[in-house]
$ cat data.txt   # compact mmCIF, C-alpha atoms
# COMPACT_ATOMS: atom_id res chain seq x y z
CA MET A 222 -55.12 -152.41 -119.15
CA PRO A 223 -53.65 -155.85 -119.66
CA LEU A 224 -56.67 -157.93 -118.76
CA SER A 225 -56.14 -161.57 -119.40
CA THR A 226 -58.93 -163.11 -121.41
CA THR A 227 -58.11 -166.58 -120.21
CA PHE A 228 -58.42 -165.83 -116.51
CA ASP A 229 -59.58 -168.91 -114.60
CA TYR A 230 -62.28 -167.62 -112.25
CA GLU A 231 -63.07 -171.06 -110.87
CA ALA A 232 -59.44 -171.69 -109.94
CA ALA A 233 -59.20 -168.23 -108.37
CA LEU A 234 -62.19 -168.90 -106.11
CA GLU A 235 -60.91 -172.36 -105.18
CA SER A 236 -57.56 -170.85 -104.30
CA CYS A 237 -59.27 -168.19 -102.15
CA ALA A 238 -61.12 -170.96 -100.34
CA GLU A 239 -57.74 -172.45 -99.47
CA GLY A 240 -56.73 -169.15 -97.91
CA ASN A 241 -54.55 -167.89 -100.74
CA ARG A 242 -54.75 -164.12 -100.55
CA GLN A 243 -52.78 -163.67 -103.73
CA ALA A 244 -55.58 -165.39 -105.64
CA LEU A 245 -58.03 -162.78 -104.35
CA MET A 246 -55.72 -159.96 -105.35
CA GLN A 247 -55.34 -161.51 -108.82
CA LEU A 248 -59.10 -161.64 -109.11
CA TYR A 249 -59.08 -158.00 -108.00
CA GLU A 250 -56.58 -157.05 -110.71
CA GLN A 251 -58.62 -158.90 -113.28
CA GLU A 252 -62.11 -157.81 -112.40
CA SER A 253 -62.16 -154.69 -110.19
CA PRO A 254 -62.36 -152.12 -113.03
CA ARG A 255 -65.39 -153.88 -114.51
CA LEU A 256 -67.00 -154.45 -111.12
CA LEU A 257 -66.54 -150.80 -110.22
CA THR A 258 -68.11 -149.83 -113.55
CA VAL A 259 -71.14 -152.04 -112.97
CA VAL A 260 -71.60 -150.74 -109.42
CA MET A 261 -71.06 -147.10 -110.44
CA ARG A 262 -73.70 -147.45 -113.13
CA ILE A 263 -76.18 -148.55 -110.46
CA LEU A 264 -75.23 -146.24 -107.59
CA LYS A 265 -73.93 -143.19 -109.49
CA ASN A 266 -71.83 -142.33 -106.45
CA ARG A 267 -68.09 -142.89 -106.57
CA GLN A 268 -67.34 -143.18 -102.85
CA LEU A 269 -70.24 -145.50 -102.18
CA SER A 270 -69.32 -147.61 -105.23
CA GLU A 271 -65.77 -148.06 -104.01
CA ASP A 272 -67.13 -149.10 -100.62
CA VAL A 273 -69.33 -151.69 -102.31
CA VAL A 274 -66.45 -153.11 -104.35
CA HIS A 275 -64.39 -153.31 -101.16
CA ASP A 276 -67.19 -155.13 -99.35
CA ALA A 277 -67.71 -157.41 -102.35
CA PHE A 278 -64.10 -158.61 -102.31
CA ILE A 279 -64.25 -159.24 -98.58
CA LYS A 280 -67.47 -161.19 -99.08
CA ILE A 281 -65.97 -163.14 -102.00
CA TRP A 282 -63.03 -164.03 -99.75
CA LYS A 283 -65.22 -165.10 -96.82
CA HIS A 284 -67.66 -167.11 -98.93
CA SER A 285 -65.25 -168.53 -101.50
CA ASN A 286 -65.48 -171.90 -99.75
CA THR A 287 -69.20 -172.08 -100.61
CA TYR A 288 -68.45 -171.95 -104.33
CA HIS A 289 -67.92 -175.20 -106.23
CA LYS A 290 -67.92 -176.16 -109.88
CA ASP A 291 -71.49 -177.52 -109.77
CA LEU A 292 -72.71 -173.96 -109.24
CA GLY A 293 -71.71 -173.00 -112.77
CA SER A 294 -70.20 -169.70 -113.81
CA ALA A 295 -67.68 -168.49 -111.23
CA ARG A 296 -67.62 -165.09 -112.86
CA GLY A 297 -71.41 -164.97 -112.56
CA TRP A 298 -71.05 -165.88 -108.88
CA VAL A 299 -68.67 -162.95 -108.31
CA TYR A 300 -71.04 -160.53 -110.03
CA THR A 301 -74.08 -161.81 -108.15
CA ILE A 302 -72.37 -161.02 -104.85
CA THR A 303 -71.28 -157.60 -106.05
CA ARG A 304 -74.54 -156.57 -107.70
CA ASN A 305 -76.55 -157.65 -104.66
CA LEU A 306 -74.41 -155.44 -102.44
CA ALA A 307 -74.89 -152.58 -104.88
CA LEU A 308 -78.66 -153.07 -104.98
CA ASN A 309 -78.75 -153.14 -101.16
CA ALA A 310 -76.68 -149.96 -101.02
CA LEU A 311 -79.30 -148.14 -103.09
CA LYS A 312 -81.10 -147.49 -99.82
CA TYR A 313 -78.34 -145.06 -98.89
CA SER A 314 -78.08 -143.33 -102.22
CA HIS A 315 -80.35 -140.85 -103.94
CA ARG A 316 -79.63 -141.30 -107.57
CA GLN A 317 -81.14 -139.83 -110.66
CA VAL A 318 -83.31 -142.02 -112.82
CA LEU A 319 -82.47 -141.36 -116.46
CA ALA A 320 -83.86 -142.79 -119.68
CA GLU A 321 -80.87 -142.91 -122.11
CA PRO A 322 -82.57 -145.42 -124.45
CA ASP A 323 -80.00 -145.09 -127.27
CA PHE A 324 -77.10 -145.71 -124.93
CA LEU A 325 -78.73 -148.82 -123.49
CA LEU A 326 -79.79 -150.26 -126.80
CA ASP A 327 -76.32 -149.66 -128.28
CA LEU A 328 -74.85 -151.49 -125.34
CA CYS A 329 -76.34 -154.78 -126.45
CA ASP A 330 -76.24 -154.20 -130.17
CA ASN A 331 -74.38 -156.94 -131.99
CA ASN A 332 -73.16 -154.57 -134.67
CA VAL A 333 -71.80 -152.11 -132.15
CA LEU A 334 -70.08 -154.98 -130.43
CA ALA A 335 -68.52 -156.20 -133.67
CA SER A 336 -67.33 -152.81 -134.83
CA ALA A 337 -66.15 -151.59 -131.45
CA GLU A 338 -62.47 -150.89 -130.93
CA GLN A 339 -62.08 -153.66 -128.42
CA PRO A 340 -62.28 -156.52 -130.91
CA ASP A 341 -63.21 -160.04 -129.95
CA ASP A 342 -61.76 -160.34 -126.47
CA LEU A 343 -64.99 -159.15 -124.87
CA GLY A 344 -66.88 -162.27 -125.83
CA GLU A 345 -64.02 -164.45 -124.72
CA LEU A 346 -64.01 -162.86 -121.29
CA ALA A 347 -66.97 -164.90 -120.28
CA ASN A 348 -66.75 -168.57 -119.51
CA ASP A 349 -68.98 -169.55 -122.34
CA PRO A 350 -68.48 -167.33 -125.37
CA LEU A 351 -71.20 -169.03 -127.39
CA ALA A 352 -73.82 -168.51 -124.74
CA GLN A 353 -72.75 -164.91 -124.27
CA ALA A 354 -72.99 -164.11 -127.94
CA SER A 355 -76.43 -165.60 -128.11
CA LEU A 356 -77.82 -163.42 -125.32
CA GLN A 357 -77.06 -160.43 -127.50
CA THR A 358 -78.83 -162.18 -130.36
CA CYS A 359 -81.78 -163.23 -128.24
CA LEU A 360 -82.27 -159.70 -126.95
CA GLU A 361 -82.77 -158.63 -130.55
CA TYR A 362 -85.99 -160.63 -130.66
CA LEU A 363 -87.53 -158.51 -127.89
CA GLU A 364 -89.50 -155.41 -128.74
CA PRO A 365 -87.46 -152.28 -127.97
CA GLU A 366 -89.67 -151.19 -125.06
CA ARG A 367 -89.49 -154.61 -123.42
CA LYS A 368 -85.79 -154.80 -124.03
CA LEU A 369 -85.42 -151.41 -122.33
CA CYS A 370 -87.26 -152.72 -119.26
CA VAL A 371 -84.75 -155.55 -118.93
CA LEU A 372 -81.78 -153.28 -119.54
CA HIS A 373 -82.94 -150.61 -117.08
CA ALA A 374 -83.33 -153.31 -114.46
CA TYR A 375 -80.00 -155.03 -115.08
CA VAL A 376 -77.69 -152.24 -116.18
CA ASP A 377 -79.14 -149.40 -114.09
CA GLY A 378 -80.57 -151.40 -111.20
CA TYR A 379 -83.87 -149.51 -111.49
CA THR A 380 -86.90 -150.88 -109.69
CA GLN A 381 -89.99 -151.84 -111.65
CA GLN A 382 -91.74 -148.75 -110.25
CA GLU A 383 -88.94 -146.52 -111.53
CA ILE A 384 -89.05 -148.19 -114.93
CA ALA A 385 -92.84 -147.86 -115.13
CA LYS A 386 -92.60 -144.15 -114.39
CA LEU A 387 -89.73 -143.66 -116.81
CA LEU A 388 -91.49 -145.39 -119.69
CA ASP A 389 -94.88 -144.03 -118.66
CA LYS A 390 -96.46 -147.51 -118.50
CA PRO A 391 -98.60 -149.13 -115.81
CA LEU A 392 -96.56 -151.06 -113.23
CA GLY A 393 -98.42 -154.28 -114.07
CA THR A 394 -97.43 -153.97 -117.72
CA VAL A 395 -93.75 -153.55 -116.85
CA LYS A 396 -93.90 -156.53 -114.49
CA SER A 397 -95.41 -158.83 -117.04
CA TRP A 398 -93.09 -157.57 -119.80
CA ILE A 399 -90.08 -158.42 -117.67
CA LYS A 400 -91.39 -161.88 -116.77
CA ARG A 401 -92.29 -162.68 -120.35
CA SER A 402 -89.02 -161.28 -121.66
CA LEU A 403 -87.12 -163.59 -119.33
CA SER A 404 -89.13 -166.58 -120.50
CA ALA A 405 -88.52 -165.63 -124.13
CA LEU A 406 -84.79 -165.16 -123.47
CA LYS A 407 -84.62 -168.52 -121.73
CA GLU A 408 -86.39 -170.20 -124.61
CA CYS A 409 -84.07 -168.57 -127.11
CA LEU A 410 -80.90 -169.34 -125.16
CA GLN A 411 -81.59 -173.07 -124.95
CA MET B 177 -90.09 -185.43 -116.60
CA ASN B 178 -93.76 -184.90 -115.80
CA LYS B 179 -95.64 -181.74 -116.57
CA THR B 180 -95.79 -180.23 -113.07
CA SER B 181 -92.09 -180.53 -112.29
CA HIS B 182 -91.26 -179.07 -115.69
CA HIS B 183 -93.62 -176.23 -114.96
CA SER B 184 -92.10 -175.53 -111.56
CA SER B 185 -88.58 -175.56 -112.96
CA ASP B 186 -89.61 -173.03 -115.62
CA LYS B 187 -91.03 -170.91 -112.85
CA ASP B 188 -87.79 -171.18 -110.89
CA GLU B 189 -85.77 -170.25 -113.97
CA ASN B 190 -87.92 -167.15 -114.31
CA LEU B 191 -87.58 -166.32 -110.61
CA SER B 192 -83.81 -166.71 -110.88
CA GLY B 193 -83.81 -164.31 -113.81
CA GLN B 194 -85.87 -161.78 -111.87
CA TYR B 195 -83.56 -162.20 -108.90
CA VAL B 196 -80.55 -161.41 -111.09
CA LEU B 197 -82.30 -158.41 -112.63
CA GLY B 198 -83.16 -157.26 -109.11
CA THR B 199 -86.85 -156.87 -109.88
CA LEU B 200 -88.31 -159.11 -107.15
CA LYS B 201 -90.24 -157.37 -104.39
CA PRO B 202 -88.31 -157.32 -101.08
CA GLU B 203 -90.41 -160.11 -99.55
CA GLU B 204 -90.16 -162.23 -102.73
CA ARG B 205 -86.44 -161.62 -102.79
CA GLN B 206 -86.07 -162.74 -99.19
CA ALA B 207 -88.11 -165.87 -99.78
CA PHE B 208 -86.07 -166.66 -102.88
CA GLU B 209 -82.77 -166.16 -101.05
CA LYS B 210 -83.91 -168.58 -98.35
CA ARG B 211 -84.44 -171.29 -100.96
CA LEU B 212 -81.29 -170.31 -102.81
CA VAL B 213 -78.99 -171.15 -99.90
CA ASN B 214 -79.96 -174.82 -100.00
CA SER B 215 -80.41 -175.34 -103.71
CA THR B 216 -77.49 -176.04 -106.01
CA GLU B 217 -79.89 -175.95 -108.93
CA LEU B 218 -81.18 -172.46 -108.13
CA GLN B 219 -77.67 -171.16 -107.53
CA ARG B 220 -76.55 -172.57 -110.85
CA SER B 221 -79.49 -170.95 -112.58
CA VAL B 222 -78.70 -167.58 -110.94
CA ASN B 223 -75.02 -167.77 -111.93
CA GLN B 224 -76.00 -168.72 -115.46
CA TRP B 225 -78.37 -165.76 -115.83
CA GLN B 226 -75.75 -163.50 -114.34
CA ALA B 227 -73.12 -164.75 -116.81
CA HIS B 228 -75.51 -164.13 -119.69
CA PHE B 229 -76.43 -160.60 -118.63
CA LEU B 230 -72.81 -159.77 -117.89
CA SER B 231 -72.14 -159.72 -121.59
CA ILE B 232 -74.13 -156.47 -121.70
CA THR B 233 -72.28 -154.65 -118.93
CA ASP B 234 -68.96 -155.92 -120.29
CA ASN B 235 -69.56 -153.39 -123.06
CA LEU B 236 -69.43 -150.48 -120.59
CA THR B 237 -66.08 -148.69 -120.54
CA PRO B 238 -64.16 -149.97 -117.48
CA LEU B 239 -63.29 -147.37 -114.82
CA ALA B 240 -59.83 -146.94 -113.36
CA VAL B 241 -59.76 -148.20 -109.79
CA PRO B 242 -57.89 -145.97 -107.32
CA GLN B 243 -54.84 -147.49 -105.67
CA PRO B 244 -56.04 -147.08 -102.05
CA LEU B 245 -58.91 -149.49 -102.70
CA SER B 246 -56.67 -152.54 -102.95
CA ALA B 247 -54.78 -151.40 -99.85
CA ARG B 248 -58.11 -151.06 -98.04
CA ILE B 249 -59.09 -154.57 -99.03
CA GLU B 250 -55.72 -155.90 -97.85
CA ARG B 251 -56.20 -154.09 -94.56
CA SER B 252 -59.63 -155.65 -94.09
CA LEU B 253 -58.17 -159.08 -94.87
CA ASP B 254 -55.55 -158.46 -92.19
CA GLU B 255 -58.35 -157.75 -89.74
CA LEU B 256 -60.12 -160.94 -90.79
CA GLN B 257 -57.02 -163.06 -90.43
CA LYS B 258 -56.84 -162.08 -86.81
CA GLN B 259 -60.04 -164.08 -86.37
CA PRO B 260 -58.75 -167.05 -88.32
CA THR B 261 -61.84 -169.25 -88.07
CA LYS B 262 -63.54 -167.95 -91.20
CA VAL B 263 -61.39 -169.19 -94.08
CA ALA B 264 -59.12 -171.56 -92.21
CA PRO B 265 -57.76 -174.33 -94.44
CA LYS B 266 -59.42 -177.62 -93.64
CA ALA B 267 -56.35 -179.25 -92.15
CA THR B 268 -57.16 -181.97 -89.65
CA ASN B 269 -53.68 -182.54 -88.30
CA PRO B 270 -52.98 -179.71 -85.84
CA LEU B 271 -49.24 -180.03 -86.32
CA LEU B 272 -49.67 -179.78 -90.07
CA SER B 273 -51.92 -176.77 -89.80
CA PHE B 274 -49.32 -175.10 -87.59
CA TRP B 275 -46.70 -175.44 -90.31
CA GLN B 276 -49.16 -174.37 -92.95
CA ASN B 277 -50.38 -171.32 -91.10
CA LEU B 278 -49.37 -168.57 -93.47
CA ALA B 279 -50.58 -165.82 -91.17
CA LEU B 280 -48.41 -167.16 -88.39
CA TRP B 281 -45.26 -167.31 -90.49
CA ARG B 282 -46.00 -164.00 -92.06
CA GLY B 283 -46.41 -162.61 -88.56
CA VAL B 284 -43.14 -164.14 -87.45
CA SER B 285 -41.26 -162.76 -90.42
CA ILE B 286 -42.78 -159.31 -89.98
CA THR B 287 -41.79 -159.34 -86.32
CA CYS B 288 -38.24 -160.30 -87.34
CA LEU B 289 -38.20 -157.47 -89.84
CA MET B 290 -39.45 -155.05 -87.23
CA LEU B 291 -36.83 -156.10 -84.71
CA ALA B 292 -34.09 -155.82 -87.33
CA VAL B 293 -35.21 -152.34 -88.30
CA VAL B 294 -35.61 -151.19 -84.72
CA LEU B 295 -32.32 -152.61 -83.56
CA GLY B 296 -30.52 -151.02 -86.50
CA PHE B 297 -32.31 -147.80 -85.81
CA GLN B 298 -31.35 -147.86 -82.16
CA LEU B 299 -27.70 -148.53 -82.96
CA GLN B 300 -27.76 -145.45 -85.11
CA HIS B 301 -29.32 -143.28 -82.44
CA ASN B 302 -27.72 -144.90 -79.44
CA ALA B 303 -25.99 -141.79 -78.22
CA THR B 304 -29.20 -139.83 -77.89
CA ARG B 305 -31.45 -142.56 -76.60
CA ILE B 306 -31.81 -142.96 -72.86
CA ASN B 307 -35.12 -144.65 -72.41
CA GLU B 308 -35.69 -148.16 -73.70
CA PRO B 309 -38.69 -148.39 -76.00
CA THR B 310 -41.63 -150.34 -74.63
CA TYR B 311 -43.81 -150.38 -77.72
CA ILE B 312 -42.85 -150.24 -81.38
CA ALA B 313 -44.33 -150.32 -84.82
CA VAL B 314 -42.63 -150.25 -88.19
CA LEU B 315 -44.66 -148.65 -90.95
CA VAL B 316 -44.00 -150.00 -94.42
CA LYS B 317 -45.08 -149.06 -97.93
CA PRO B 318 -48.15 -151.14 -98.84
CA GLU B 319 -46.78 -152.01 -102.30
CA ASP B 320 -43.29 -153.27 -101.59
CA LYS B 321 -43.12 -153.39 -97.77
CA THR B 322 -40.18 -150.98 -97.62
CA PRO B 323 -39.91 -149.69 -94.05
CA GLY B 324 -40.51 -145.95 -94.00
CA TRP B 325 -41.23 -144.95 -90.41
CA VAL B 326 -40.78 -146.25 -86.88
CA ILE B 327 -43.16 -145.54 -84.05
CA GLN B 328 -41.91 -146.07 -80.57
CA THR B 329 -42.89 -145.19 -77.07
CA SER B 330 -40.81 -145.19 -73.97
CA HIS B 331 -41.34 -144.44 -70.32
CA SER B 332 -41.14 -140.77 -71.11
CA ASN B 333 -44.88 -140.74 -71.94
CA GLN B 334 -44.14 -139.74 -75.48
CA ILE B 335 -45.00 -141.53 -78.65
CA GLN B 336 -42.59 -140.76 -81.46
CA LEU B 337 -43.03 -141.15 -85.19
CA VAL B 338 -39.59 -141.15 -86.75
CA PRO B 339 -38.84 -141.11 -90.51
CA LEU B 340 -36.27 -143.70 -91.64
CA GLY B 341 -35.44 -141.92 -94.86
CA ALA B 342 -36.32 -139.02 -97.12
CA VAL B 343 -40.05 -138.39 -97.18
CA GLU B 344 -41.81 -137.27 -100.34
CA ILE B 345 -44.97 -135.25 -99.77
CA PRO B 346 -46.76 -133.98 -102.89
CA LYS B 347 -47.07 -130.20 -103.14
CA GLY B 348 -50.12 -128.77 -101.40
CA LYS B 349 -50.64 -132.05 -99.52
CA ALA B 350 -49.81 -133.28 -96.06
CA LEU B 351 -49.19 -136.64 -94.46
CA GLN B 352 -51.71 -137.47 -91.78
CA PHE B 353 -50.98 -139.97 -89.05
CA TRP B 354 -53.78 -142.34 -87.97
CA THR B 355 -54.29 -145.17 -85.56
CA LYS B 356 -56.98 -147.73 -84.93
CA ALA B 357 -57.11 -150.46 -82.31
CA ASP B 358 -59.32 -153.54 -82.45
CA GLY B 359 -62.86 -152.72 -81.53
CA TRP B 360 -62.69 -149.06 -82.50
CA ASP B 361 -65.26 -148.01 -85.04
CA ALA B 362 -62.97 -145.70 -86.97
CA PRO B 363 -59.35 -144.60 -87.00
CA ILE B 364 -58.46 -141.47 -85.06
CA SER B 365 -56.07 -138.83 -86.32
CA LEU B 366 -52.82 -138.32 -84.46
CA GLY B 367 -52.03 -135.20 -86.45
CA LEU B 368 -50.16 -134.02 -89.51
CA VAL B 369 -46.56 -134.92 -90.19
CA LYS B 370 -44.01 -132.40 -91.42
CA LYS B 371 -41.28 -133.25 -93.86
CA GLY B 372 -38.18 -134.74 -92.25
CA GLU B 373 -39.39 -134.14 -88.71
CA THR B 374 -40.00 -136.50 -85.84
CA LEU B 375 -43.54 -136.20 -84.55
CA ASN B 376 -43.83 -136.32 -80.76
CA LEU B 377 -47.15 -136.90 -79.10
CA ASP B 378 -48.14 -137.03 -75.48
CA ILE B 379 -49.22 -140.58 -74.80
CA ASN B 380 -51.55 -139.53 -71.98
CA GLN B 381 -53.82 -137.83 -74.47
CA LEU B 382 -54.42 -141.11 -76.32
CA PRO B 383 -56.39 -144.19 -75.40
CA PRO B 384 -53.98 -146.90 -74.13
CA LEU B 385 -51.89 -148.49 -76.89
CA THR B 386 -52.79 -152.09 -77.57
CA GLU B 387 -51.01 -155.04 -79.11
CA ASN B 388 -51.45 -155.17 -82.89
CA GLN B 389 -52.85 -151.65 -83.03
CA LEU B 390 -52.89 -150.33 -86.59
CA PHE B 391 -50.95 -147.20 -87.58
CA GLU B 392 -50.92 -145.60 -90.96
CA LEU B 393 -49.97 -142.48 -92.87
CA THR B 394 -52.17 -141.18 -95.66
CA ILE B 395 -51.79 -138.32 -98.11
CA GLU B 396 -54.40 -135.69 -97.33
CA SER B 397 -54.98 -132.04 -98.14
CA GLU B 398 -52.66 -129.54 -96.42
CA THR B 399 -55.07 -128.95 -93.56
CA GLY B 400 -55.79 -132.63 -93.03
CA SER B 401 -58.57 -134.96 -94.15
CA PRO B 402 -61.82 -133.02 -94.72
CA THR B 403 -63.91 -135.92 -93.41
CA GLY B 404 -61.92 -136.69 -90.27
CA LYS B 405 -61.23 -140.17 -91.67
CA PRO B 406 -58.43 -141.36 -93.95
CA THR B 407 -59.38 -140.51 -97.55
CA GLY B 408 -56.11 -140.46 -99.46
CA GLU B 409 -53.52 -142.96 -100.56
CA ILE B 410 -51.85 -144.96 -97.80
CA THR B 411 -48.12 -144.33 -97.93
CA SER B 412 -47.13 -146.42 -94.90
CA ILE B 413 -48.88 -148.90 -92.71
CA GLY B 414 -47.96 -151.17 -89.80
CA ARG B 415 -48.99 -152.63 -86.46
CA GLY B 416 -47.62 -152.10 -83.01
CA ILE B 417 -46.09 -154.67 -80.66
CA ALA B 418 -45.18 -154.33 -77.03
CA ILE B 419 -41.58 -155.31 -76.23
$ encode --input "data.txt" --output "structure tokens"
Amino acid sequence: MPLSTTFDYEAALESCAEGNRQALMQLYEQESPRLLTVVMRILKNRQLSEDVVHDAFIKIWKHSNTYHKDLGSARGWVYTITRNLALNALKYSHRQVLAEPDFLLDLCDNNVLASAEQPDDLGELANDPLAQASLQTCLEYLEPERKLCVLHAYVDGYTQQEIAKLLDKPLGTVKSWIKRSLSALKECLQ
Amino acid sequence: MNKTSHHSSDKDENLSGQYVLGTLKPEERQAFEKRLVNSTELQRSVNQWQAHFLSITDNLTPLAVPQPLSARIERSLDELQKQPTKVAPKATNPLLSFWQNLALWRGVSITCLMLAVVLGFQLQHNATRINEPTYIAVLVKPEDKTPGWVIQTSHSNQIQLVPLGAVEIPKGKALQFWTKADGWDAPISLGLVKKGETLNLDINQLPPLTENQLFELTIESETGSPTGKPTGEITSIGRGIAI
């Protein structure tokens, strides 16, 4: 699909705030396949996921006037709204909790990224390509089990209880791994 | 920067990260969201974490989004625009805002289109038409706004759905006719439409028709939507006006 890599998310939100519906539909064209993918990964239910993406775009439209440049990444803002709706919708969905460690680890593997068929436009999609690339690098410094905790939480939307059960670790261990991993990532990203 | 404030900002950075991961306990999450509303700094930190983590999910293979989803979003925006306080442009001059009111002008042009279609339609059918219509709606294709159907009612207590041209219905599928007025929870089905036929319904069996009531046709399985709600692609959509 012809996704533009130079899409201006900030301008799109500002335009929405001015009541320009076309800007919202352009954002939809640009981002809906990826948003649906992210939501589907969490909810594992097609109908519910489509409902969430629908609700997300309505929420983006209604709240676009609360976004301004000082808040940083506009694309991040869009995903925060969408992921929060997906996480809330988990209450209505009984999904399977799966391990899939290889899949998750491959997902943030620099080498996989470099050799993948989609060449370098993935990094450019984000507002700050340098910062994006370095998250992948920084994740490499985490021990695989800790990295999995972070990935299960972000990519799958699993709760810490679910992760603890999945990895057969005490809940307290998972909690502190996640906190420490975030601190380590932050340190590394600076 | 002194030690305590540095410490608290590290803690907030970590909380923001946990918020983005979704690993805060419900009460922690609520408390964090309360602070988030009023803090540019926290919001920036959340967006930053989100942008970082996004680089992982960007590696997932994107899914194809079904066409009806964008039509659904457009429909919901239409509903919202009827309560125009939410995203109204911040114009201070009322005269200016009148001229800049896109919804208004869009409404005016749609009404003009509807009248043109209906008048043309009536000219065509003048010989057979005795009763003047009292309520009309023109249903258009969501993609290019081509008029496809006219709904009209007259004093004869009938509501008619009339095709304006050839109707394509995929094999093994049917077109289902729906309506929803403001304040209804869900659309109700007005029945299945057959190829090339005018659908006549007894108006007394329906709740009273209201201004701006939504009508649409969706592609459903031959026996109609299995859920009792529209599930398939919207082929035509429009709103009614009393005349």
$ closest_residue --input "data.txt" --among "B:Gln194, B:Thr407, B:Thr233, B:Ser365" --to "A:Tyr300" --atoms "all atoms listed in the file"
B:Thr233
$ closest_residue --input "data.txt" --among "B:Gln226, B:Thr329, B:Gln243, B:Thr411" --to "chain A" --atoms "all atoms listed in the file"
B:Gln226
$ residues_around --input "data.txt" --residues "B:Leu382" --least-positions-apart "5" --cutoff "12 Å" --atoms "all atoms listed in the file" --output "list in words"
Asn333, Gln334, Ile335, Trp354, Thr355, Lys356, Ala357, Ile364, Ser365, Leu366, Gly367 and Leu377 of chain B
$ interface_residues --input "data.txt" --of "chain A" --to "chain B" --cutoff "7 Å" --atoms "all atoms listed in the file" --output "NGL selection string"
:A and (238-240 or 253-255 or 257-259 or 275 or 279 or 283 or 292-294 or 296-298 or 301 or 328-329 or 343 or 352-353 or 356 or 374-376 or 378 or 380-381 or 400 or 403-404)
$ residues_around --input "data.txt" --residues "A:Leu388" --least-positions-apart "3" --cutoff "12 Å" --atoms "all atoms listed in the file" --output "short mmCIF file (atom, residue, chain, number, x, y, z; two decimals) with C-alpha atoms, keeping the file's coordinate frame"
data_model
loop_
_atom_site.label_atom_id
_atom_site.label_comp_id
_atom_site.auth_asym_id
_atom_site.auth_seq_id
_atom_site.Cartn_x
_atom_site.Cartn_y
_atom_site.Cartn_z
CA VAL A 318 -83.31 -142.02 -112.82
CA LEU A 319 -82.47 -141.36 -116.46
CA ALA A 320 -83.86 -142.79 -119.68
CA GLU A 321 -80.87 -142.91 -122.11
CA PRO A 322 -82.57 -145.42 -124.45
CA PRO A 365 -87.46 -152.28 -127.97
CA GLU A 366 -89.67 -151.19 -125.06
CA ARG A 367 -89.49 -154.61 -123.42
CA LYS A 368 -85.79 -154.80 -124.03
CA LEU A 369 -85.42 -151.41 -122.33
CA CYS A 370 -87.26 -152.72 -119.26
CA HIS A 373 -82.94 -150.61 -117.08
CA TYR A 379 -83.87 -149.51 -111.49
CA GLN A 381 -89.99 -151.84 -111.65
CA GLN A 382 -91.74 -148.75 -110.25
CA GLU A 383 -88.94 -146.52 -111.53
CA ILE A 384 -89.05 -148.19 -114.93
CA ALA A 385 -92.84 -147.86 -115.13
CA PRO A 391 -98.60 -149.13 -115.81
CA LEU A 392 -96.56 -151.06 -113.23
CA THR A 394 -97.43 -153.97 -117.72
CA VAL A 395 -93.75 -153.55 -116.85
#
$ atom_distance --input "data.txt" --atom1 "atom CA of B:Val326" --atom2 "atom CA of B:Leu340"
7.0 Å
$ atom_distance --input "data.txt" --atom1 "atom CA of B:Lys317" --atom2 "atom CA of A:Glu235"
29.1 Å
$ atom_distance --input "data.txt" --atom1 "atom CA of A:Gln357" --atom2 "atom CA of A:Lys390"
25.0 Å
$ residues_around --input "data.txt" --residues "B:Arg415" --least-positions-apart "4" --cutoff "12 Å" --atoms "only C-alpha atoms" --output "ChimeraX atom specification"
/B:251,254-255,283,286-287,290,311-316,325-328,354-358,385-392
$ decode --input "data.txt" --residues "stretch 374-382 of chain A" --atoms "N, CA and C atoms" --output "CSV table (one decimal), in the first residue's frame"
chain,number,residue,atom,x,y,z
A,374,ALA,N,4.1,-7.1,27.3
A,374,ALA,CA,3.3,-6.0,27.8
A,374,ALA,C,2.9,-5.1,26.6
A,375,TYR,N,3.9,-4.7,25.9
A,375,TYR,CA,3.6,-3.7,24.8
A,375,TYR,C,2.9,-4.3,23.6
A,376,VAL,N,3.5,-5.3,23.1
A,376,VAL,CA,3.0,-5.9,21.8
A,376,VAL,C,1.7,-6.6,22.0
A,377,ASP,N,1.6,-7.4,23.1
A,377,ASP,CA,0.5,-8.3,23.3
A,377,ASP,C,-0.6,-7.7,24.3
A,378,GLY,N,-0.1,-6.6,25.0
A,378,GLY,CA,-1.1,-6.0,26.0
A,378,GLY,C,-1.3,-6.9,27.1
A,379,TYR,N,-0.4,-7.9,27.4
A,379,TYR,CA,-0.6,-8.8,28.6
A,379,TYR,C,-0.4,-8.0,29.9
A,380,THR,N,-1.2,-8.5,30.9
A,380,THR,CA,-1.0,-7.9,32.2
A,380,THR,C,0.2,-8.5,32.9
A,381,GLN,N,0.7,-7.9,33.9
A,381,GLN,CA,1.9,-8.5,34.6
A,381,GLN,C,1.6,-9.9,35.2
A,382,GLN,N,0.4,-10.1,35.6
A,382,GLN,CA,0.0,-11.4,36.1
A,382,GLN,C,0.1,-12.5,35.0
